[in-house]
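> This is target_8.pdb (PDB, C-alpha atoms, pLDDT in the B column).
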ATOM      1  CA  MET A  96     -20.870   3.521  -3.740  1.00 75.00           C
ATOM      2  CA  LYS A  97     -17.924   3.315  -1.378  1.00 91.00           C
ATOM      3  CA  ASN A  98     -14.501   2.158  -2.533  1.00 95.00           C
ATOM      4  CA  TYR A  99     -12.088  -0.042  -0.640  1.00 98.00           C
ATOM      5  CA  TYR A 100      -8.394  -0.304  -1.361  1.00 98.00           C
ATOM      6  CA  VAL A 101      -5.603  -2.805  -1.108  1.00 98.00           C
ATOM      7  CA  TYR A 102      -2.232  -1.087  -1.118  1.00 98.00           C
ATOM      8  CA  ILE A 103       1.484  -1.723  -0.882  1.00 98.00           C
ATOM      9  CA  LEU A 104       3.906   0.584   0.898  1.00 98.00           C
ATOM     10  CA  ALA A 105       7.686   0.364   0.580  1.00 98.00           C
ATOM     11  CA  SER A 106      10.577   1.791   2.565  1.00 97.00           C
ATOM     12  CA  LYS A 107      12.479   2.365  -0.699  1.00 96.00           C
ATOM     13  CA  ARG A 108      12.851   0.712  -4.092  1.00 96.00           C
ATOM     14  CA  ASN A 109      13.098  -3.046  -3.468  1.00 95.00           C
ATOM     15  CA  GLY A 110      12.977  -2.340   0.271  1.00 96.00           C
ATOM     16  CA  THR A 111      10.696  -3.521   3.033  1.00 97.00           C
ATOM     17  CA  LEU A 112       7.081  -3.993   1.905  1.00 98.00           C
ATOM     18  CA  TYR A 113       3.775  -3.663   3.732  1.00 98.00           C
ATOM     19  CA  ILE A 114       0.377  -4.724   2.378  1.00 98.00           C
ATOM     20  CA  GLY A 115      -2.782  -3.253   3.837  1.00 97.00           C
ATOM     21  CA  MET A 116      -6.464  -2.598   3.194  1.00 98.00           C
ATOM     22  CA  THR A 117      -8.534   0.515   3.867  1.00 98.00           C
ATOM     23  CA  ASN A 118     -11.710   2.367   2.975  1.00 97.00           C
ATOM     24  CA  SER A 119      -9.813   5.684   2.678  1.00 95.00           C
ATOM     25  CA  ILE A 120      -6.492   5.527   0.882  1.00 96.00           C
ATOM     26  CA  THR A 121      -5.730   9.205   1.516  1.00 94.00           C
ATOM     27  CA  ARG A 122      -6.375   9.008   5.267  1.00 95.00           C
ATOM     28  CA  ARG A 123      -4.516   5.749   5.692  1.00 95.00           C
ATOM     29  CA  THR A 124      -1.527   6.906   3.661  1.00 95.00           C
ATOM     30  CA  HIS A 125      -1.363  10.057   5.762  1.00 93.00           C
ATOM     31  CA  GLU A 126      -1.405   7.955   8.938  1.00 95.00           C
ATOM     32  CA  HIS A 127       1.522   5.874   7.674  1.00 94.00           C
ATOM     33  CA  LYS A 128       3.524   8.931   6.590  1.00 93.00           C
ATOM     34  CA  THR A 129       3.029  10.738   9.900  1.00 91.00           C
ATOM     35  CA  GLU A 130       3.669   7.575  11.939  1.00 90.00           C
ATOM     36  CA  PHE A 131       0.283   8.015  13.600  1.00 91.00           C
ATOM     37  CA  TYR A 132       0.334   4.450  14.945  1.00 88.00           C
ATOM     38  CA  ASP A 133       3.160   2.446  16.428  1.00 91.00           C
ATOM     39  CA  GLY A 134       3.835  -0.753  14.558  1.00 92.00           C
ATOM     40  CA  PHE A 135       5.548  -2.346  11.609  1.00 92.00           C
ATOM     41  CA  THR A 136       5.453   0.615   9.207  1.00 91.00           C
ATOM     42  CA  LYS A 137       6.761   3.031  11.833  1.00 92.00           C
ATOM     43  CA  ARG A 138       9.478   0.630  13.002  1.00 94.00           C
ATOM     44  CA  TYR A 139      10.769   0.007   9.457  1.00 93.00           C
ATOM     45  CA  SER A 140       9.999   3.474   8.009  1.00 93.00           C
ATOM     46  CA  VAL A 141       7.649   2.063   5.385  1.00 96.00           C
ATOM     47  CA  LYS A 142       5.932   5.180   4.034  1.00 95.00           C
ATOM     48  CA  ARG A 143       6.046   5.193   0.237  1.00 97.00           C
ATOM     49  CA  LEU A 144       2.773   4.214  -1.480  1.00 97.00           C
ATOM     50  CA  VAL A 145       3.947   2.221  -4.497  1.00 98.00           C
ATOM     51  CA  TYR A 146       0.806   0.292  -5.469  1.00 98.00           C
ATOM     52  CA  TYR A 147      -2.933   0.315  -4.866  1.00 97.00           C
ATOM     53  CA  GLU A 148      -6.087  -1.119  -6.341  1.00 97.00           C
ATOM     54  CA  ARG A 149      -9.775  -0.342  -5.798  1.00 97.00           C
ATOM     55  CA  HIS A 150     -12.416  -2.831  -4.743  1.00 98.00           C
ATOM     56  CA  PRO A 151     -16.206  -2.462  -4.596  1.00 97.00           C
ATOM     57  CA  SER A 152     -16.650  -4.168  -1.237  1.00 97.00           C
ATOM     58  CA  PRO A 153     -14.732  -4.779   1.971  1.00 97.00           C
ATOM     59  CA  ALA A 154     -15.027  -8.524   1.403  1.00 98.00           C
ATOM     60  CA  SER A 155     -13.321  -8.400  -1.997  1.00 98.00           C
ATOM     61  CA  ALA A 156     -10.581  -6.101  -0.675  1.00 98.00           C
ATOM     62  CA  LEU A 157      -9.948  -8.322   2.333  1.00 98.00           C
ATOM     63  CA  LYS A 158      -9.808 -11.418   0.127  1.00 98.00           C
ATOM     64  CA  ARG A 159      -7.275  -9.746  -2.171  1.00 98.00           C
ATOM     65  CA  GLU A 160      -5.169  -8.477   0.763  1.00 98.00           C
ATOM     66  CA  ARG A 161      -4.964 -11.976   2.223  1.00 98.00           C
ATOM     67  CA  GLN A 162      -4.107 -13.410  -1.192  1.00 98.00           C
ATOM     68  CA  MET A 163      -1.309 -10.896  -1.777  1.00 98.00           C
ATOM     69  CA  LYS A 164       0.177 -11.421   1.689  1.00 98.00           C
ATOM     70  CA  LYS A 165       0.684 -15.093   0.814  1.00 98.00           C
ATOM     71  CA  TRP A 166       2.585 -14.273  -2.382  1.00 98.00           C
ATOM     72  CA  ASN A 167       6.328 -14.619  -2.604  1.00 98.00           C
ATOM     73  CA  ARG A 168       8.359 -11.438  -2.818  1.00 98.00           C
ATOM     74  CA  ALA A 169       9.074 -11.727  -6.552  1.00 98.00           C
ATOM     75  CA  TRP A 170       5.343 -11.691  -7.360  1.00 98.00           C
ATOM     76  CA  LYS A 171       4.830  -8.569  -5.218  1.00 98.00           C
ATOM     77  CA  LEU A 172       7.747  -6.779  -6.880  1.00 98.00           C
ATOM     78  CA  ARG A 173       6.421  -7.676 -10.330  1.00 98.00           C
ATOM     79  CA  LEU A 174       2.967  -6.306  -9.431  1.00 98.00           C
ATOM     80  CA  ILE A 175       4.478  -3.018  -8.223  1.00 98.00           C
ATOM     81  CA  GLU A 176       6.698  -2.629 -11.271  1.00 97.00           C
ATOM     82  CA  GLU A 177       3.828  -3.264 -13.693  1.00 97.00           C
ATOM     83  CA  MET A 178       1.912  -0.293 -12.243  1.00 95.00           C
ATOM     84  CA  ASN A 179       4.777   1.854 -11.007  1.00 97.00           C
ATOM     85  CA  PRO A 180       8.124   0.978 -12.671  1.00 97.00           C
ATOM     86  CA  GLU A 181       9.929   3.944 -11.085  1.00 96.00           C
ATOM     87  CA  TRP A 182       8.631   3.168  -7.576  1.00 97.00           C
ATOM     88  CA  GLU A 183       7.323   6.719  -7.260  1.00 96.00           C
ATOM     89  CA  ASP A 184       5.351   7.642  -4.154  1.00 97.00           C
ATOM     90  CA  LEU A 185       1.811   7.647  -5.552  1.00 96.00           C
ATOM     91  CA  ALA A 186       0.505   9.592  -2.547  1.00 95.00           C
ATOM     92  CA  LEU A 187       2.689  12.674  -3.005  1.00 90.00           C
ATOM     93  CA  GLU A 188       0.063  14.578  -4.977  1.00 78.00           C
ATOM     94  CA  TRP A 189      -2.493  13.896  -2.221  1.00 73.00           C
ATOM     95  CA  MET A 190      -0.121  15.081   0.481  1.00 68.00           C
ATOM     96  CA  GLU A 191       0.907  18.374  -1.167  1.00 58.00           C
ATOM     97  CA  GLY A 192      -1.897  20.286   0.559  1.00 49.00           C
ATOM     98  CA  ASP A 193      -0.972  18.952   4.014  1.00 44.00           C
TER      99      ASP A 193
END
Show me, as structure tokens, the structure contained in the file I just sent.

Amino acid sequence: MKNYYVYILASKRNGTLYIGMTNSITRRTHEHKTEFYDGFTKRYSVKRLVYYERHPSPASALKRERQMKKWNRAWKLRLIEEMNPEWEDLALEWMEGD
């Protein structure tokens, strides 16, 4: 069974936020960190993975991503701080081997 992920990246604690969806959180995080694509995350240096959640299907992940993008900023910050109160980069352990 394949997993799908909705994730939030931040430029720093309480900084610029980016919400995305992927079927490979490690690959996608690596792409953001290495600025593989031009775009919002590269322009605003949004590279710190501060939140993610797994979904069983692309449809459920896409629905959740769209829902979260409509939220106000306070709700997004609360969600991050419930899972990751120190705003640590959750991808650092995955990136150590790179």
> How big is the axis-aligned box, and where does its centre sit, when it encloses all atoms of range 159-163 of chain A listed in the file and has 5 Å added on every side, reported in Å to one decimal as JSON?

{"center_x": -4.3, "center_y": -10.9, "center_z": 0.0, "size_x": 16.0, "size_y": 14.9, "size_z": 14.4}
> Give the answer as one residue: which of A:Leu185, A:Met178, A:Met116, A:Leu104 has the shortest atom-to-atom distance to Arg149 in chain A, using only C-alpha atoms?
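Looking at the shortest contact to Arg149 in chain A, the residue is A:Met116.
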> Output the residue selection produced by the PyMOL selection byres ((chain A and resi 171) around 12) on the file above, formatted as JSON, numbers by chain.
{"A": [102, 103, 104, 105, 109, 110, 111, 112, 113, 114, 145, 146, 147, 160, 162, 163, 164, 165, 166, 167, 168, 169, 170, 172, 173, 174, 175, 176, 177, 178, 179]}
> Expand the PyMOL selection byres ((chain A and resi 119) around 8) into the explicit residue set it covers here, and present it as a PyMOL selection string.
chain A and resi 98-100+117-118+120-123
> To one decimal place in Å, what is the distance between CA of Glu183 in chain A and CA of Ala154 in chain A?
28.4 Å
> I'd like the interatomic distance between CA of Arg161 in chain A and CA of Val101 in chain A, to a tenth of an Å.
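So the answer is 9.8 Å.
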> Between A:Arg108, A:Asp184, A:Thr124, A:Arg159, which is the closest to Arg143 in chain A once you count all atoms listed in the file?
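Among the listed residues, A:Asp184 lies closest to Arg143 in chain A.
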> For Trp182 in chain A, which residue among A:Lys107, A:Lys97, A:His127, A:Ser152 is the nearest when counting only C-alpha atoms?
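Closest residue, counting only C-alpha atoms: A:Lys107.
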